[in-house]
file my_file30.cif (mmCIF, C-alpha atoms and all ligand atoms)
data_structure
loop_
_atom_site.label_atom_id
_atom_site.label_comp_id
_atom_site.auth_asym_id
_atom_site.auth_seq_id
_atom_site.Cartn_x
_atom_site.Cartn_y
_atom_site.Cartn_z
CA MET A 1 225.25 173.99 168.12
CA ALA A 2 222.61 176.48 167.04
CA VAL A 3 220.54 175.04 164.21
CA ASP A 4 219.47 177.51 161.55
CA LEU A 5 217.12 175.82 159.12
CA THR A 6 216.89 178.99 157.03
CA HIS A 7 220.48 178.20 155.99
CA CYS A 8 220.79 174.50 156.65
CA THR A 9 224.23 173.04 157.33
CA LEU A 10 223.06 170.10 159.45
CA CYS A 11 224.71 167.44 157.31
CA PRO A 12 228.08 167.29 155.49
CA ARG A 13 226.45 168.45 152.25
CA GLU A 14 225.96 171.88 153.88
CA CYS A 15 223.68 172.85 151.02
CA GLY A 16 222.55 176.04 152.78
CA ALA A 17 218.89 175.63 151.81
CA ASP A 18 216.30 177.88 153.40
CA ARG A 19 214.05 175.04 154.51
CA THR A 20 211.25 177.43 155.45
CA GLN A 21 210.94 178.11 151.70
CA LYS A 22 212.03 174.95 149.90
CA GLN A 23 213.41 171.46 150.37
CA GLY A 24 217.13 170.99 150.80
CA ARG A 25 219.27 168.78 148.63
CA CYS A 26 218.24 165.84 150.84
CA GLY A 27 214.52 166.48 150.28
CA ALA A 28 213.84 167.84 153.77
CA GLY A 29 211.65 170.82 154.54
CA MET A 30 210.59 172.05 157.97
CA LEU A 31 208.23 169.24 158.99
CA PRO A 32 209.44 165.67 159.45
CA ARG A 33 208.47 163.51 156.52
CA LEU A 34 207.87 159.81 157.15
CA ALA A 35 207.20 156.79 154.96
CA ARG A 36 206.40 154.19 157.62
CA ALA A 37 206.29 153.67 161.39
CA ALA A 38 205.81 150.04 162.40
CA LEU A 39 207.31 147.07 164.17
CA HIS A 40 210.17 145.64 162.13
CA ARG A 41 211.68 142.18 162.63
CA TRP A 42 214.64 142.30 160.26
CA GLU A 43 217.22 144.22 162.25
CA GLU A 44 219.97 142.45 164.19
CA PRO A 45 218.54 139.98 166.76
CA CYS A 46 219.51 142.16 169.74
CA ILE A 47 217.50 145.02 168.18
CA SER A 48 214.46 143.20 166.76
CA GLY A 49 214.23 140.31 169.22
CA SER A 50 212.84 136.93 168.26
CA GLU A 51 209.20 137.14 169.33
CA PRO A 52 207.02 137.25 166.19
CA GLU A 53 204.51 139.68 167.68
CA ARG A 54 207.16 142.16 168.68
CA GLY A 55 210.01 143.91 166.87
CA SER A 56 211.90 147.16 166.62
CA GLY A 57 209.69 150.25 166.54
CA THR A 58 211.00 151.59 163.30
CA VAL A 59 210.34 155.07 161.96
CA PHE A 60 211.49 155.53 158.37
CA PHE A 61 212.24 159.15 157.57
CA SER A 62 212.03 160.30 153.96
CA GLY A 63 214.97 161.81 152.10
CA CYS A 64 218.65 161.26 152.80
CA PRO A 65 221.73 163.47 152.89
CA LEU A 66 223.93 160.73 151.43
CA GLY A 67 221.74 159.20 148.73
CA CYS A 68 223.60 156.05 147.66
CA ARG A 69 222.71 155.04 144.12
CA PHE A 70 222.27 151.43 145.22
CA CYS A 71 220.01 152.21 148.19
CA GLN A 72 217.46 149.46 148.82
CA ASN A 73 215.12 152.10 150.28
CA ALA A 74 215.31 154.23 147.13
CA PRO A 75 211.58 155.15 147.02
CA ILE A 76 212.02 157.05 150.27
CA SER A 77 215.71 157.96 150.30
CA LEU A 78 216.12 159.06 146.67
CA GLU A 79 212.52 159.81 145.65
CA ASN A 80 211.45 161.31 149.00
CA PHE A 81 208.18 159.37 149.23
CA GLY A 82 206.40 160.10 152.49
CA ARG A 83 203.99 162.31 154.36
CA GLU A 84 204.78 165.32 156.51
CA VAL A 85 203.76 165.20 160.16
CA THR A 86 203.94 167.74 162.93
CA VAL A 87 206.50 167.36 165.68
CA SER A 88 203.75 166.57 168.21
CA ARG A 89 202.43 163.82 165.90
CA LEU A 90 205.95 162.45 165.66
CA GLY A 91 206.04 162.20 169.45
CA GLU A 92 202.67 160.39 169.40
CA ILE A 93 204.04 157.94 166.85
CA PHE A 94 206.96 157.17 169.16
CA LEU A 95 204.52 156.35 171.98
CA GLU A 96 202.25 154.30 169.68
CA LEU A 97 205.19 152.09 168.71
CA GLN A 98 206.01 151.59 172.38
CA GLU A 99 202.37 150.59 173.03
CA GLN A 100 202.55 148.08 170.17
CA GLY A 101 205.35 146.29 172.04
CA ALA A 102 208.44 147.71 170.38
CA TRP A 103 211.69 146.72 172.02
CA ASN A 104 213.08 150.07 171.10
CA LEU A 105 212.41 153.18 169.04
CA ASN A 106 214.43 152.91 165.84
CA LEU A 107 214.96 156.16 163.92
CA VAL A 108 216.02 155.33 160.37
CA SER A 109 217.80 158.01 158.35
CA ALA A 110 216.74 160.92 160.56
CA ALA A 111 219.86 163.09 160.10
CA GLN A 112 218.01 165.75 158.12
CA TYR A 113 215.42 166.10 160.89
CA LEU A 114 217.61 166.08 163.99
CA PRO A 115 216.18 169.25 165.60
CA GLN A 116 212.62 168.00 165.07
CA VAL A 117 213.48 164.55 166.45
CA VAL A 118 215.03 166.05 169.57
CA GLU A 119 211.95 168.24 170.04
CA ALA A 120 209.65 165.22 169.70
CA LEU A 121 211.74 163.22 172.17
CA ASP A 122 211.51 166.11 174.60
CA LEU A 123 207.71 166.07 174.22
CA VAL A 124 207.52 162.41 175.27
CA ARG A 125 210.19 162.55 177.95
CA GLY A 126 209.08 160.51 180.98
CA ARG A 127 206.60 158.50 178.89
CA LEU A 128 208.98 156.82 176.46
CA GLY A 129 210.74 154.07 178.40
CA ILE A 130 212.38 152.06 175.62
CA PRO A 131 215.89 152.60 174.25
CA VAL A 132 216.27 155.01 171.35
CA VAL A 133 218.18 153.65 168.35
CA TYR A 134 219.67 156.00 165.77
CA ASN A 135 220.02 154.14 162.47
CA SER A 136 222.24 156.01 160.06
CA GLY A 137 224.20 155.85 156.83
CA GLY A 138 227.15 157.17 158.82
CA TYR A 139 227.39 160.40 156.82
CA GLU A 140 226.92 162.68 159.81
CA LYS A 141 228.64 165.76 161.14
CA VAL A 142 230.05 165.35 164.64
CA GLU A 143 228.61 168.69 165.74
CA SER A 144 225.14 167.59 164.63
CA LEU A 145 225.47 164.25 166.40
CA ARG A 146 226.19 166.17 169.59
CA LEU A 147 222.57 167.35 169.48
CA LEU A 148 221.65 163.72 170.22
CA GLU A 149 223.82 163.30 173.29
CA GLY A 150 221.63 162.07 176.15
CA TYR A 151 218.79 161.16 173.73
CA VAL A 152 220.21 158.15 171.90
CA ASP A 153 221.07 154.86 173.59
CA ILE A 154 222.13 152.80 170.59
CA TYR A 155 223.79 153.94 167.39
CA LEU A 156 223.48 151.78 164.30
CA PRO A 157 225.74 153.45 161.71
CA ASP A 158 226.86 152.13 158.37
CA LEU A 159 230.52 152.23 157.46
CA LYS A 160 230.30 151.95 153.69
CA PHE A 161 233.53 152.68 151.85
CA MET A 162 236.99 154.09 152.35
CA ASP A 163 238.17 154.79 148.81
CA PRO A 164 237.18 158.37 147.84
CA ALA A 165 236.66 157.29 144.24
CA LEU A 166 234.24 154.59 145.37
CA GLY A 167 232.43 157.17 147.53
CA THR A 168 232.15 159.39 144.45
CA ASP A 169 230.86 156.62 142.23
CA CYS A 170 228.31 155.36 144.75
CA ALA A 171 227.08 158.57 146.36
CA ASP A 172 228.94 161.66 145.09
CA ALA A 173 230.68 161.62 148.46
CA PRO A 174 234.48 161.40 148.17
CA ASP A 175 234.65 162.57 151.79
CA TYR A 176 232.46 159.70 153.02
CA PHE A 177 235.16 157.90 155.00
CA ALA A 178 236.59 161.04 156.57
CA VAL A 179 233.08 162.01 157.71
CA ALA A 180 231.82 158.58 158.78
CA SER A 181 234.98 157.59 160.64
CA ALA A 182 234.75 160.73 162.80
CA ALA A 183 231.02 160.15 163.28
CA ILE A 184 231.55 156.60 164.52
CA LEU A 185 234.14 157.72 167.04
CA GLU A 186 231.67 160.32 168.33
CA MET A 187 228.93 157.68 168.58
CA VAL A 188 231.18 155.37 170.61
CA ARG A 189 232.18 158.30 172.82
CA GLN A 190 228.51 159.02 173.56
CA THR A 191 227.36 155.49 174.34
CA GLY A 192 230.46 153.84 175.77
CA SER A 193 230.81 150.07 175.54
CA LEU A 194 228.06 147.55 174.84
CA GLN A 195 225.43 146.97 177.52
CA MET A 196 223.15 143.97 177.10
CA GLY A 197 219.96 143.29 179.02
CA GLU A 198 219.32 139.93 180.67
CA ASP A 199 216.77 139.33 177.90
CA GLY A 200 219.57 139.41 175.31
CA MET A 201 218.52 142.78 173.93
CA LEU A 202 221.01 145.59 173.47
CA ARG A 203 220.44 148.48 175.88
CA ARG A 204 223.30 150.74 174.94
CA GLY A 205 226.21 150.82 172.53
CA VAL A 206 227.16 150.90 168.86
CA ILE A 207 226.62 148.36 166.10
CA VAL A 208 228.64 149.21 162.99
CA ARG A 209 227.12 147.84 159.82
CA HIS A 210 229.15 147.12 156.75
CA LEU A 211 227.60 146.04 153.48
CA VAL A 212 230.20 144.14 151.48
CA LEU A 213 230.13 145.43 147.91
CA PRO A 214 230.79 143.21 144.89
CA GLY A 215 234.29 143.74 143.54
CA GLU A 216 235.34 145.82 146.56
CA ARG A 217 236.48 143.32 149.17
CA ARG A 218 239.87 145.06 149.52
CA ASP A 219 238.07 148.25 150.48
CA SER A 220 236.12 146.25 153.08
CA GLU A 221 239.39 144.92 154.44
CA ARG A 222 240.86 148.42 154.78
CA LEU A 223 237.72 149.63 156.56
CA LEU A 224 237.73 146.77 159.03
CA ARG A 225 241.43 147.20 159.75
CA TRP A 226 240.84 150.89 160.44
CA LEU A 227 237.90 150.13 162.72
CA ALA A 228 239.82 147.51 164.69
CA GLN A 229 242.60 149.97 165.52
CA ALA A 230 240.29 152.94 166.14
CA VAL A 231 237.88 151.30 168.61
CA PRO A 232 238.39 148.38 171.00
CA VAL A 233 236.75 145.52 169.12
CA GLU A 234 235.03 144.30 172.29
CA ASP A 235 233.30 147.69 172.70
CA ILE A 236 231.18 147.40 169.56
CA PHE A 237 229.34 144.86 167.46
CA LEU A 238 230.04 144.47 163.77
CA SER A 239 227.16 143.55 161.48
CA LEU A 240 228.50 142.27 158.19
CA MET A 241 225.85 142.42 155.49
CA SER A 242 225.65 140.69 152.14
CA GLN A 243 222.37 141.82 150.61
CA TYR A 244 223.72 144.19 147.97
CA THR A 245 221.22 144.25 145.14
CA PRO A 246 221.90 146.13 141.91
CA CYS A 247 218.87 148.30 141.27
CA ARG A 248 220.10 150.86 138.72
CA PRO A 249 223.04 150.88 136.29
CA MET A 250 226.34 151.60 138.03
CA GLU A 251 229.52 152.79 136.34
CA ARG A 252 231.66 150.25 138.19
CA LYS A 253 230.99 147.02 136.38
CA ALA A 254 231.12 144.81 139.49
CA LEU A 255 228.40 146.86 141.17
CA ASN A 256 225.94 145.62 138.56
CA ARG A 257 226.01 142.10 139.99
CA ARG A 258 225.35 140.53 143.37
CA LEU A 259 228.00 139.74 145.91
CA SER A 260 229.53 136.29 145.63
CA THR A 261 229.71 133.85 148.53
CA PHE A 262 233.50 133.85 148.15
CA GLU A 263 233.68 137.62 148.56
CA TYR A 264 231.43 137.66 151.60
CA ASN A 265 233.24 134.81 153.33
CA TRP A 266 236.62 136.39 152.57
CA VAL A 267 235.61 139.60 154.35
CA ARG A 268 233.91 137.67 157.16
CA ASP A 269 237.13 135.74 157.81
CA ILE A 270 239.07 139.00 158.07
CA ALA A 271 236.51 140.40 160.53
CA GLN A 272 236.79 137.27 162.65
CA GLY A 273 240.57 137.39 162.53
CA LEU A 274 240.49 140.98 163.80
CA GLY A 275 238.42 139.85 166.78
CA PHE A 276 235.08 141.45 165.96
CA SER A 277 231.94 139.88 167.30
CA GLY A 278 228.50 140.58 166.01
CA PHE A 279 226.30 139.40 163.20
CA GLY A 280 226.53 137.96 159.75
CA GLN A 281 223.92 137.27 157.12
CA GLU A 282 223.02 134.02 155.50
CA ARG A 283 223.49 134.58 151.80
CA SER A 284 220.11 132.97 151.16
CA SER A 285 218.36 135.72 153.11
CA ALA A 286 219.63 138.58 150.96
CA ARG A 287 216.21 139.33 149.57
CA GLU A 288 213.31 141.73 149.71
CA GLU A 289 212.14 140.85 153.22
CA TYR A 290 214.67 143.35 154.50
CA THR A 291 212.78 146.14 152.76
CA PRO A 292 209.33 146.74 154.24
CA PRO A 293 206.52 148.25 152.21
CA PHE A 294 206.66 152.04 152.28
CA ASP A 295 202.94 152.63 152.50
CA LEU A 296 202.58 155.23 155.26
CA THR A 297 201.66 152.55 157.81
CA GLY A 298 201.60 154.15 161.25
CA VAL A 299 202.12 157.66 159.91
S1 LIG B 1 220.31 168.19 155.97
FE1 LIG B 1 219.46 168.48 153.90
S2 LIG B 1 218.94 170.64 153.81
FE2 LIG B 1 220.39 170.38 155.53
S3 LIG B 1 222.45 170.69 154.69
FE3 LIG B 1 222.02 168.53 154.54
S4 LIG B 1 221.19 168.26 152.45
FE4 LIG B 1 221.01 170.44 152.94
#

call {"tool": "encode", "arguments": {"input": "my_file30.cif", "output": "structure tokens"}}
result
Amino acid sequence: MAVDLTHCTLCPRECGADRTQKQGRCGAGMLPRLARAALHRWEEPCISGSEPERGSGTVFFSGCPLGCRFCQNAPISLENFGREVTVSRLGEIFLELQEQGAWNLNLVSAAQYLPQVVEALDLVRGRLGIPVVYNSGGYEKVESLRLLEGYVDIYLPDLKFMDPALGTDCADAPDYFAVASAAILEMVRQTGSLQMGEDGMLRRGVIVRHLVLPGERRDSERLLRWLAQAVPVEDIFLSLMSQYTPCRPMERKALNRRLSTFEYNWVRDIAQGLGFSGFGQERSSAREEYTPPFDLTGV
């Protein structure tokens, strides 16, 4: 796929922005914009590990093609907080995280900067020896994901909602499920089944994350049933999350409250019945520690 950033169609929004002149709908210009690059201990255990002095080498990119209204990273995803860096500096940051002891390089919401990320990974080829994790909202074009083939070892996509009306209400994205379902199949095609290291860390594969939304457990059920028939359940991990936090007024009344324990357990039981393995969240941990300070650390 030839990437023309003077008429950007990298993501499903296909806004056509000339990024040499102005930012696209997602907030991206020509240079990668970052809010933080540091070790992070709050991913799934096979990504972050358990040693307190280590963690996942997480690079938070600013802006987002999807832009969920309830995003817990709103200062960077919706408000585009961050600082631009050159591609060569981005490569240096990758190596610095490796030197700090990162288990892996974890690229968070990088879809709008795919060509620059690939260029930076090429610059550090042969020096970066840790797995590359691509951490995504799932709203990705298959042809853009193909740019990452051979670069990414672990995909960490969200699978958020199936109902087009829910996609519209949460992110102006009625096509979210059509897009994300195809993206997940492409991710599984690229990585193949799960490969764990002897240290218990994931080396290769896909972890699908699903945040259970208050009032929408039936949508969660439909998503999980789709996933279980689309992909062998033993080939992926499922990470079922509960930390939904209302942060701005939402039209759907239920989205203005937290998830109940009943709702989370109801969806968890369905996931277990379908044979998924993976990770759950203790309801008591659904708090701010999952959101690191966006203060340009490491940028
Ligand atoms: S990545 Fe950004 S600039 Fe490119 S099409 Fe999507 S929203 Fe527009």

call {"tool": "closest_atom_pairs", "arguments": {"input": "my_file30.cif", "of": "chain A", "to": "ligand LIG 1 (chain B)", "cutoff": "9 Å", "atoms": "all atoms listed in the file", "output": "Markdown table"}}
result
| residue | atom | partner | partner_atom | distance |
| --- | --- | --- | --- | --- |
| A:Leu5 | CA | B:LIG1 | FE2 | 7.3 |
| A:His7 | CA | B:LIG1 | FE2 | 7.8 |
| A:Cys8 | CA | B:LIG1 | FE2 | 4.3 |
| A:Thr9 | CA | B:LIG1 | S3 | 4.0 |
| A:Leu10 | CA | B:LIG1 | FE2 | 4.8 |
| A:Cys11 | CA | B:LIG1 | FE3 | 4.0 |
| A:Pro12 | CA | B:LIG1 | FE3 | 6.3 |
| A:Arg13 | CA | B:LIG1 | FE3 | 5.0 |
| A:Glu14 | CA | B:LIG1 | S3 | 3.8 |
| A:Cys15 | CA | B:LIG1 | FE4 | 4.1 |
| A:Gly16 | CA | B:LIG1 | S3 | 5.7 |
| A:Ala17 | CA | B:LIG1 | S2 | 5.4 |
| A:Asp18 | CA | B:LIG1 | S2 | 7.7 |
| A:Arg19 | CA | B:LIG1 | S2 | 6.6 |
| A:Gln23 | CA | B:LIG1 | S2 | 6.6 |
| A:Gly24 | CA | B:LIG1 | S2 | 3.5 |
| A:Arg25 | CA | B:LIG1 | S4 | 4.3 |
| A:Cys26 | CA | B:LIG1 | S4 | 4.1 |
| A:Gly27 | CA | B:LIG1 | FE1 | 6.4 |
| A:Ala28 | CA | B:LIG1 | FE1 | 5.7 |
| A:Gly29 | CA | B:LIG1 | S2 | 7.3 |
| A:Gly63 | CA | B:LIG1 | FE1 | 8.2 |
| A:Cys64 | CA | B:LIG1 | FE1 | 7.3 |
| A:Pro65 | CA | B:LIG1 | S4 | 4.8 |
| A:Leu66 | CA | B:LIG1 | S4 | 8.1 |
| A:Ala111 | CA | B:LIG1 | S1 | 6.6 |
| A:Gln112 | CA | B:LIG1 | S1 | 4.0 |
| A:Tyr113 | CA | B:LIG1 | S1 | 7.2 |
| A:Leu114 | CA | B:LIG1 | S1 | 8.7 |

call {"tool": "closest_residue", "arguments": {"input": "my_file30.cif", "among": "A:Val206, A:Ile154, A:Met1, A:Leu31", "to": "A:Arg83", "atoms": "all atoms listed in the file"}}
result
A:Leu31

call {"tool": "closest_residue", "arguments": {"input": "my_file30.cif", "among": "A:Arg33, A:Arg54, A:Arg209, A:Arg41", "to": "A:Asn80", "atoms": "only C-alpha atoms"}}
result
A:Arg33

call {"tool": "atom_distance", "arguments": {"input": "my_file30.cif", "atom1": "atom CA of A:Asp169", "atom2": "atom CA of A:Ala110"}}
result
23.5 Å

call {"tool": "closest_atom_pairs", "arguments": {"input": "my_file30.cif", "of": "stretch 66-110 of chain A", "to": "stretch 119-123 of chain A", "cutoff": "12 Å", "atoms": "all atoms listed in the file", "output": "CSV"}}
result
residue,atom,partner,partner_atom,distance
A:Val85,CA,A:Ala120,CA,11.2
A:Thr86,CA,A:Ala120,CA,9.2
A:Val87,CA,A:Ala120,CA,5.5
A:Ser88,CA,A:Ala120,CA,6.2
A:Arg89,CA,A:Ala120,CA,8.3
A:Leu90,CA,A:Ala120,CA,6.1
A:Gly91,CA,A:Ala120,CA,4.7
A:Glu92,CA,A:Ala120,CA,8.5
A:Ile93,CA,A:Ala120,CA,9.6
A:Phe94,CA,A:Leu121,CA,8.3
A:Leu95,CA,A:Leu121,CA,10.0
A:Leu105,CA,A:Leu121,CA,10.5
A:Leu107,CA,A:Leu121,CA,11.3
